[in-house]
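Listing of final28.pdb, PDB, C-alpha atoms
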MODEL        1
ATOM      1  CA  MET A   1      21.805   3.428 -18.695  1.00  0.00           C
ATOM      2  CA  THR A   2      21.466   6.115 -16.055  1.00  0.00           C
ATOM      3  CA  PHE A   3      18.340   6.616 -14.007  1.00  0.00           C
ATOM      4  CA  GLU A   4      17.664   9.902 -15.796  1.00  0.00           C
ATOM      5  CA  GLU A   5      17.918   8.204 -19.207  1.00  0.00           C
ATOM      6  CA  PHE A   6      15.567   5.465 -18.053  1.00  0.00           C
ATOM      7  CA  VAL A   7      13.019   8.008 -16.821  1.00  0.00           C
ATOM      8  CA  GLU A   8      13.261   9.985 -20.054  1.00  0.00           C
ATOM      9  CA  ALA A   9      12.715   6.865 -22.154  1.00  0.00           C
ATOM     10  CA  ARG A  10      10.086   4.959 -20.137  1.00  0.00           C
ATOM     11  CA  LEU A  11       8.154   7.363 -17.880  1.00  0.00           C
ATOM     12  CA  GLN A  12       5.198   7.863 -20.243  1.00  0.00           C
ATOM     13  CA  ALA A  13       4.817   4.125 -20.845  1.00  0.00           C
ATOM     14  CA  LEU A  14       4.897   3.460 -17.098  1.00  0.00           C
ATOM     15  CA  LEU A  15       2.326   6.173 -16.528  1.00  0.00           C
ATOM     16  CA  ARG A  16      -0.009   4.696 -19.174  1.00  0.00           C
ATOM     17  CA  TYR A  17       0.395   1.276 -17.548  1.00  0.00           C
ATOM     18  CA  ALA A  18      -0.438   2.754 -14.130  1.00  0.00           C
ATOM     19  CA  VAL A  19      -3.557   4.438 -15.530  1.00  0.00           C
ATOM     20  CA  MET A  20      -4.693   1.081 -16.879  1.00  0.00           C
ATOM     21  CA  LEU A  21      -4.147  -0.470 -13.467  1.00  0.00           C
ATOM     22  CA  THR A  22      -5.818   2.217 -11.375  1.00  0.00           C
ATOM     23  CA  GLY A  23      -8.401   3.642 -13.739  1.00  0.00           C
ATOM     24  CA  ASP A  24      -7.537   7.102 -12.455  1.00  0.00           C
ATOM     25  CA  PRO A  25      -4.803   9.339 -13.903  1.00  0.00           C
ATOM     26  CA  HIS A  26      -4.162  11.139 -10.622  1.00  0.00           C
ATOM     27  CA  THR A  27      -3.731   7.962  -8.619  1.00  0.00           C
ATOM     28  CA  ALA A  28      -1.574   6.609 -11.441  1.00  0.00           C
ATOM     29  CA  GLN A  29       0.699   9.655 -11.244  1.00  0.00           C
ATOM     30  CA  ASP A  30       1.061   9.208  -7.483  1.00  0.00           C
ATOM     31  CA  LEU A  31       1.804   5.517  -7.892  1.00  0.00           C
ATOM     32  CA  VAL A  32       4.425   6.134 -10.593  1.00  0.00           C
ATOM     33  CA  GLN A  33       6.007   8.920  -8.557  1.00  0.00           C
ATOM     34  CA  GLU A  34       6.340   6.690  -5.488  1.00  0.00           C
ATOM     35  CA  THR A  35       7.716   3.861  -7.620  1.00  0.00           C
ATOM     36  CA  MET A  36      10.247   6.112  -9.336  1.00  0.00           C
ATOM     37  CA  ILE A  37      11.482   7.402  -5.979  1.00  0.00           C
ATOM     38  CA  ARG A  38      12.039   3.824  -4.830  1.00  0.00           C
ATOM     39  CA  ALA A  39      13.636   2.929  -8.162  1.00  0.00           C
ATOM     40  CA  GLN A  40      16.063   5.841  -7.934  1.00  0.00           C
ATOM     41  CA  LEU A  41      17.170   4.702  -4.498  1.00  0.00           C
ATOM     42  CA  GLN A  42      17.784   1.168  -5.811  1.00  0.00           C
ATOM     43  CA  TRP A  43      18.981   2.119  -9.288  1.00  0.00           C
ATOM     44  CA  ARG A  44      22.339   0.289  -9.173  1.00  0.00           C
ATOM     45  CA  ARG A  45      20.621  -3.016  -8.509  1.00  0.00           C
ATOM     46  CA  ILE A  46      17.854  -2.301 -11.044  1.00  0.00           C
ATOM     47  CA  ALA A  47      20.295  -1.224 -13.770  1.00  0.00           C
ATOM     48  CA  ALA A  48      22.254  -4.444 -13.243  1.00  0.00           C
ATOM     49  CA  ALA A  49      19.117  -6.517 -13.926  1.00  0.00           C
ATOM     50  CA  ASP A  50      18.616  -8.053 -17.361  1.00  0.00           C
ATOM     51  CA  LEU A  51      15.459  -6.017 -17.991  1.00  0.00           C
ATOM     52  CA  PRO A  52      15.346  -2.850 -15.863  1.00  0.00           C
ATOM     53  CA  GLU A  53      11.944  -1.842 -17.207  1.00  0.00           C
ATOM     54  CA  ARG A  54      10.411  -5.157 -16.186  1.00  0.00           C
ATOM     55  CA  TYR A  55      11.943  -4.739 -12.722  1.00  0.00           C
ATOM     56  CA  VAL A  56      10.408  -1.254 -12.365  1.00  0.00           C
ATOM     57  CA  LYS A  57       7.091  -2.482 -13.772  1.00  0.00           C
ATOM     58  CA  ARG A  58       7.124  -5.193 -11.138  1.00  0.00           C
ATOM     59  CA  MET A  59       7.705  -2.549  -8.464  1.00  0.00           C
ATOM     60  CA  LEU A  60       4.797  -0.536  -9.882  1.00  0.00           C
ATOM     61  CA  THR A  61       2.519  -3.581 -10.022  1.00  0.00           C
ATOM     62  CA  ASN A  62       3.359  -4.490  -6.435  1.00  0.00           C
ATOM     63  CA  ALA A  63       2.704  -0.902  -5.310  1.00  0.00           C
ATOM     64  CA  TYR A  64      -0.697  -1.059  -6.996  1.00  0.00           C
ATOM     65  CA  VAL A  65      -1.565  -4.427  -5.468  1.00  0.00           C
ATOM     66  CA  ASP A  66      -0.466  -3.186  -2.049  1.00  0.00           C
ATOM     67  CA  LEU A  67      -2.725  -0.129  -2.044  1.00  0.00           C
ATOM     68  CA  ARG A  68      -4.588  -0.297   1.226  1.00  0.00           C
ATOM     69  CA  ARG A  69      -7.968  -1.971   1.025  1.00  0.00           C
ATOM     70  CA  GLY A  70     -10.761   0.427   1.811  1.00  0.00           C
ATOM     71  CA  SER A  71      -8.621   3.386   0.798  1.00  0.00           C
ATOM     72  CA  TRP A  72     -10.083   6.635  -0.481  1.00  0.00           C
ATOM     73  CA  LEU A  73      -9.642   5.306  -4.030  1.00  0.00           C
ATOM     74  CA  ARG A  74     -12.249   2.585  -3.574  1.00  0.00           C
ATOM     75  CA  ARG A  75     -14.650   4.845  -1.653  1.00  0.00           C
ATOM     76  CA  VAL A  76     -14.468   7.914  -3.877  1.00  0.00           C
ATOM     77  CA  ALA A  77     -13.161   7.171  -7.356  1.00  0.00           C
ATOM     78  CA  LEU A  78     -14.745   3.775  -7.888  1.00  0.00           C
ATOM     79  CA  ARG A  79     -17.948   4.130  -5.877  1.00  0.00           C
ATOM     80  CA  GLY A  80     -18.597   7.847  -6.156  1.00  0.00           C
ATOM     81  CA  VAL A  81     -20.754   7.603  -9.282  1.00  0.00           C
ATOM     82  CA  ASP A  82     -23.513   5.110  -9.934  1.00  0.00           C
ATOM     83  CA  LEU A  83     -22.637   4.368 -13.541  1.00  0.00           C
ATOM     84  CA  GLU A  84     -24.938   1.364 -13.681  1.00  0.00           C
ATOM     85  CA  ALA A  85     -27.975   3.620 -13.277  1.00  0.00           C
ATOM     86  CA  ALA A  86     -26.828   5.600 -16.315  1.00  0.00           C
ATOM     87  CA  VAL A  87     -26.805   2.581 -18.644  1.00  0.00           C
ATOM     88  CA  GLU A  88     -30.156   2.136 -20.394  1.00  0.00           C
ATOM     89  CA  PRO A  89     -31.092  -0.697 -22.748  1.00  0.00           C
ATOM     90  CA  ARG A  90     -30.811   0.397 -26.374  1.00  0.00           C
ATOM     91  CA  ALA A  91     -33.899   0.732 -28.532  1.00  0.00           C
ATOM     92  CA  ALA A  92     -34.389  -2.076 -31.046  1.00  0.00           C
ATOM     93  CA  GLY A  93     -34.562   0.042 -34.182  1.00  0.00           C
ATOM     94  CA  GLY A  94     -33.669   3.497 -35.409  1.00  0.00           C
ATOM     95  CA  TYR A  95     -30.954   3.979 -32.826  1.00  0.00           C
ATOM     96  CA  VAL A  96     -28.777   7.020 -33.452  1.00  0.00           C
ATOM     97  CA  HIS A  97     -25.270   6.780 -32.007  1.00  0.00           C
ATOM     98  CA  ASP A  98     -24.605   9.370 -29.348  1.00  0.00           C
ATOM     99  CA  HIS A  99     -20.977   9.931 -28.344  1.00  0.00           C
ATOM    100  CA  ALA A 100     -22.133   9.973 -24.739  1.00  0.00           C
ATOM    101  CA  ASP A 101     -22.962   6.267 -25.073  1.00  0.00           C
ATOM    102  CA  SER A 102     -19.320   5.391 -25.674  1.00  0.00           C
ATOM    103  CA  VAL A 103     -18.333   7.451 -22.627  1.00  0.00           C
ATOM    104  CA  VAL A 104     -20.914   5.644 -20.503  1.00  0.00           C
ATOM    105  CA  GLU A 105     -19.754   2.260 -21.841  1.00  0.00           C
ATOM    106  CA  ARG A 106     -16.108   3.109 -21.124  1.00  0.00           C
ATOM    107  CA  ASP A 107     -16.998   4.282 -17.621  1.00  0.00           C
ATOM    108  CA  GLN A 108     -19.024   1.113 -17.078  1.00  0.00           C
ATOM    109  CA  MET A 109     -16.025  -1.008 -18.099  1.00  0.00           C
ATOM    110  CA  TRP A 110     -13.821   0.922 -15.641  1.00  0.00           C
ATOM    111  CA  LEU A 111     -16.409   0.221 -12.940  1.00  0.00           C
ATOM    112  CA  TRP A 112     -16.390  -3.500 -13.731  1.00  0.00           C
ATOM    113  CA  LEU A 113     -12.596  -3.617 -13.812  1.00  0.00           C
ATOM    114  CA  GLY A 114     -12.499  -1.732 -10.521  1.00  0.00           C
ATOM    115  CA  ARG A 115     -14.509  -4.498  -8.870  1.00  0.00           C
ATOM    116  CA  LEU A 116     -11.910  -7.126  -9.694  1.00  0.00           C
ATOM    117  CA  PRO A 117      -9.347  -8.099  -7.082  1.00  0.00           C
ATOM    118  CA  ARG A 118      -6.156  -6.141  -7.722  1.00  0.00           C
ATOM    119  CA  ARG A 119      -4.016  -9.092  -8.745  1.00  0.00           C
ATOM    120  CA  GLN A 120      -6.643 -10.217 -11.267  1.00  0.00           C
ATOM    121  CA  ARG A 121      -6.963  -6.723 -12.702  1.00  0.00           C
ATOM    122  CA  ALA A 122      -3.186  -6.305 -12.898  1.00  0.00           C
ATOM    123  CA  ALA A 123      -2.886  -9.694 -14.634  1.00  0.00           C
ATOM    124  CA  LEU A 124      -5.487  -8.625 -17.228  1.00  0.00           C
ATOM    125  CA  VAL A 125      -3.703  -5.332 -17.843  1.00  0.00           C
ATOM    126  CA  LEU A 126      -0.367  -7.088 -18.211  1.00  0.00           C
ATOM    127  CA  ARG A 127      -1.889  -9.605 -20.641  1.00  0.00           C
ATOM    128  CA  TYR A 128      -4.158  -7.469 -22.787  1.00  0.00           C
ATOM    129  CA  TYR A 129      -2.638  -3.994 -22.510  1.00  0.00           C
ATOM    130  CA  GLU A 130       1.049  -4.797 -22.135  1.00  0.00           C
ATOM    131  CA  GLY A 131       0.898  -7.984 -24.232  1.00  0.00           C
ATOM    132  CA  LEU A 132       2.897 -10.138 -21.822  1.00  0.00           C
ATOM    133  CA  THR A 133       2.777 -13.928 -21.837  1.00  0.00           C
ATOM    134  CA  ASP A 134       1.687 -15.969 -18.822  1.00  0.00           C
ATOM    135  CA  GLY A 135       5.340 -16.679 -18.020  1.00  0.00           C
ATOM    136  CA  GLU A 136       6.279 -13.005 -18.167  1.00  0.00           C
ATOM    137  CA  ILE A 137       3.326 -12.079 -15.943  1.00  0.00           C
ATOM    138  CA  ALA A 138       4.390 -14.790 -13.498  1.00  0.00           C
ATOM    139  CA  GLU A 139       7.839 -13.167 -13.390  1.00  0.00           C
ATOM    140  CA  VAL A 140       6.281  -9.789 -12.581  1.00  0.00           C
ATOM    141  CA  PHE A 141       4.312 -11.318  -9.695  1.00  0.00           C
ATOM    142  CA  ASP A 142       6.985 -13.845  -8.736  1.00  0.00           C
ATOM    143  CA  CYS A 143       4.418 -16.627  -8.734  1.00  0.00           C
ATOM    144  CA  PRO A 144       3.701 -19.842 -10.671  1.00  0.00           C
ATOM    145  CA  VAL A 145       2.312 -19.608 -14.218  1.00  0.00           C
ATOM    146  CA  GLY A 146      -0.738 -21.605 -13.105  1.00  0.00           C
ATOM    147  CA  THR A 147      -1.606 -18.888 -10.600  1.00  0.00           C
ATOM    148  CA  VAL A 148      -1.502 -16.258 -13.348  1.00  0.00           C
ATOM    149  CA  ARG A 149      -3.754 -18.378 -15.555  1.00  0.00           C
ATOM    150  CA  SER A 150      -6.168 -18.823 -12.669  1.00  0.00           C
ATOM    151  CA  TRP A 151      -6.306 -15.067 -11.993  1.00  0.00           C
ATOM    152  CA  ILE A 152      -6.946 -14.284 -15.656  1.00  0.00           C
ATOM    153  CA  SER A 153      -9.579 -17.004 -15.965  1.00  0.00           C
ATOM    154  CA  ARG A 154     -11.412 -15.823 -12.850  1.00  0.00           C
ATOM    155  CA  ALA A 155     -11.227 -12.186 -13.941  1.00  0.00           C
ATOM    156  CA  LEU A 156     -12.641 -12.961 -17.379  1.00  0.00           C
ATOM    157  CA  THR A 157     -15.404 -15.090 -15.861  1.00  0.00           C
ATOM    158  CA  THR A 158     -16.326 -12.243 -13.520  1.00  0.00           C
ATOM    159  CA  LEU A 159     -16.326  -9.713 -16.360  1.00  0.00           C
ATOM    160  CA  ARG A 160     -18.457 -11.972 -18.563  1.00  0.00           C
ATOM    161  CA  ALA A 161     -20.973 -12.361 -15.735  1.00  0.00           C
ATOM    162  CA  GLN A 162     -21.177  -8.569 -15.400  1.00  0.00           C
ATOM    163  CA  VAL A 163     -21.248  -7.735 -19.100  1.00  0.00           C
ATOM    164  CA  ALA A 164     -23.878 -10.288 -20.216  1.00  0.00           C
ATOM    165  CA  PRO A 165     -26.750  -8.856 -18.108  1.00  0.00           C
ATOM    166  CA  ALA A 166     -25.842  -5.326 -19.207  1.00  0.00           C
ATOM    167  CA  LEU A 167     -26.052  -6.348 -22.870  1.00  0.00           C
ATOM    168  CA  THR A 168     -29.462  -7.950 -22.375  1.00  0.00           C
ATOM    169  CA  GLY A 169     -30.815  -5.058 -20.334  1.00  0.00           C
ATOM    170  CA  GLY A 170     -30.638  -6.791 -16.939  1.00  0.00           C
ATOM    171  CA  ASP A 171     -28.830  -5.640 -13.848  1.00  0.00           C
ATOM    172  CA  ALA A 172     -25.064  -6.167 -13.632  1.00  0.00           C
ATOM    173  CA  ALA A 173     -23.730  -7.880 -10.542  1.00  0.00           C
TER     174      ALA A 173
ENDMDL
END

Turn this file's structure into C-alpha cells for me.
Amino acid sequence: MTFEEFVEARLQALLRYAVMLTGDPHTAQDLVQETMIRAQLQWRRIAAADLPERYVKRMLTNAYVDLRRGSWLRRVALRGVDLEAAVEPRAAGGYVHDHADSVVERDQMWLWLGRLPRRQRAALVLRYYEGLTDGEIAEVFDCPVGTVRSWISRALTTLRAQVAPALTGGDAA
C-alpha cells in the first residue's frame, strides 16, 4: 500500500480518533497533520509493519500525550468556559427536555475528560471508542498490560467521582 492509498483509506478515521483524544477538532487536525508528515517520512518502515494503521495510531497517540503541559490548549480550550456553572439540577417533576441540556451534558463530559491525565484519557478512547483490548492498547503505548488496566481504572474512578456529584446536584471536583 502506498502512503497516498493509506491516507485516502484511513485519514477520516484517524481524524475522528484525534478529535476523541483532544476534544477539539482544530487541535485534532493539527495533530493528525503533524503525524501524517512524520508518517510520510517514515513510510517504508511503517508499510513494512504488520499493521500500518496501528503504527500510525501509535504515532498519533504519542503526539497527543507529548503535547506540552500548560499549552494554549489547556488554558484556552479546556478552561476558557466554566461549563460547571451552566449545569443546574433538574426539577423533580414535569421536566421538558431541552436540546440545550444534551449540549451542556456533552460539554461537561468533555470538560471531565479534559481533566484526566493524557495517558488515561488516551487509554479510555482506545478502549471505548476504538474498541481495543488491553493488550492492543499496551502495544500502542509500548507498556505492560497491567499499566493500561491501571490507567483505565484510575480514569474511570476519577470520572465516577466527578459525575456522581453532578447527578445529585452537588459540585463536581

Spatial neighbours of segment 28-35 of chain A, max dist 9 Å, all atoms listed in the file, sep filter under 6 positions, as a PyMOL selection string: chain A and resi 11+14-22+56-57+59-60+63-64

Expansion of the PyMOL selection byres ((chain A and resi 153) around 12) into residues, as a ChimeraX atom specification: /A:116,120-121,123-124,127,134,146-152,154-160

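Nearest residue to Ala47 of chain A among A:Phe6, A:Glu136, A:Gly131, A:Ala161 is A:Phe6, counting all atoms listed in the file.
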
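Interatomic distance, atom CA of Arg118 of chain A against atom CA of Thr133 of chain A: 18.4 Å.
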
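You can rank A:Asp50, A:Phe3, A:Arg119, A:Ala13 by their closest distance to Ile37 of chain A using all atoms listed in the file, and at the top of that list sits A:Phe3.
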
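Proximity to Arg10 of chain A was assessed for A:Asp24, A:Arg54, A:Gly135, A:Ala48 counting only C-alpha atoms; the smallest distance is recorded for A:Arg54.
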
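Taking only C-alpha atoms into account, Arg115 of chain A lies nearest to A:Gly23 out of the set A:Val7, A:Ala49, A:Gly23, A:Thr61.
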
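One distance worth recording is that between atom CA of Leu67 of chain A and atom CA of His26 of chain A, which is 14.2 Å.
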
Go ahead and compute the interatomic distance for atom CA of Val140 of chain A and atom CA of Tyr55 of chain A, in Å to one decimal. 7.6 Å

Go through A:Ala9, A:Thr2, A:Pro144, A:Met109 and flag the residue nearest Arg45 of chain A, using only C-alpha atoms for the distances. A:Thr2

Enclose the full set of atoms of segment 23-31 of chain A listed in the file within a box whose edges lie along x, y and z, apply 5 Å of padding to each of the six sides, and report centre and edge lengths in Å to one decimal as JSON.
{"center_x": -3.3, "center_y": 7.4, "center_z": -10.7, "size_x": 20.2, "size_y": 17.5, "size_z": 16.4}
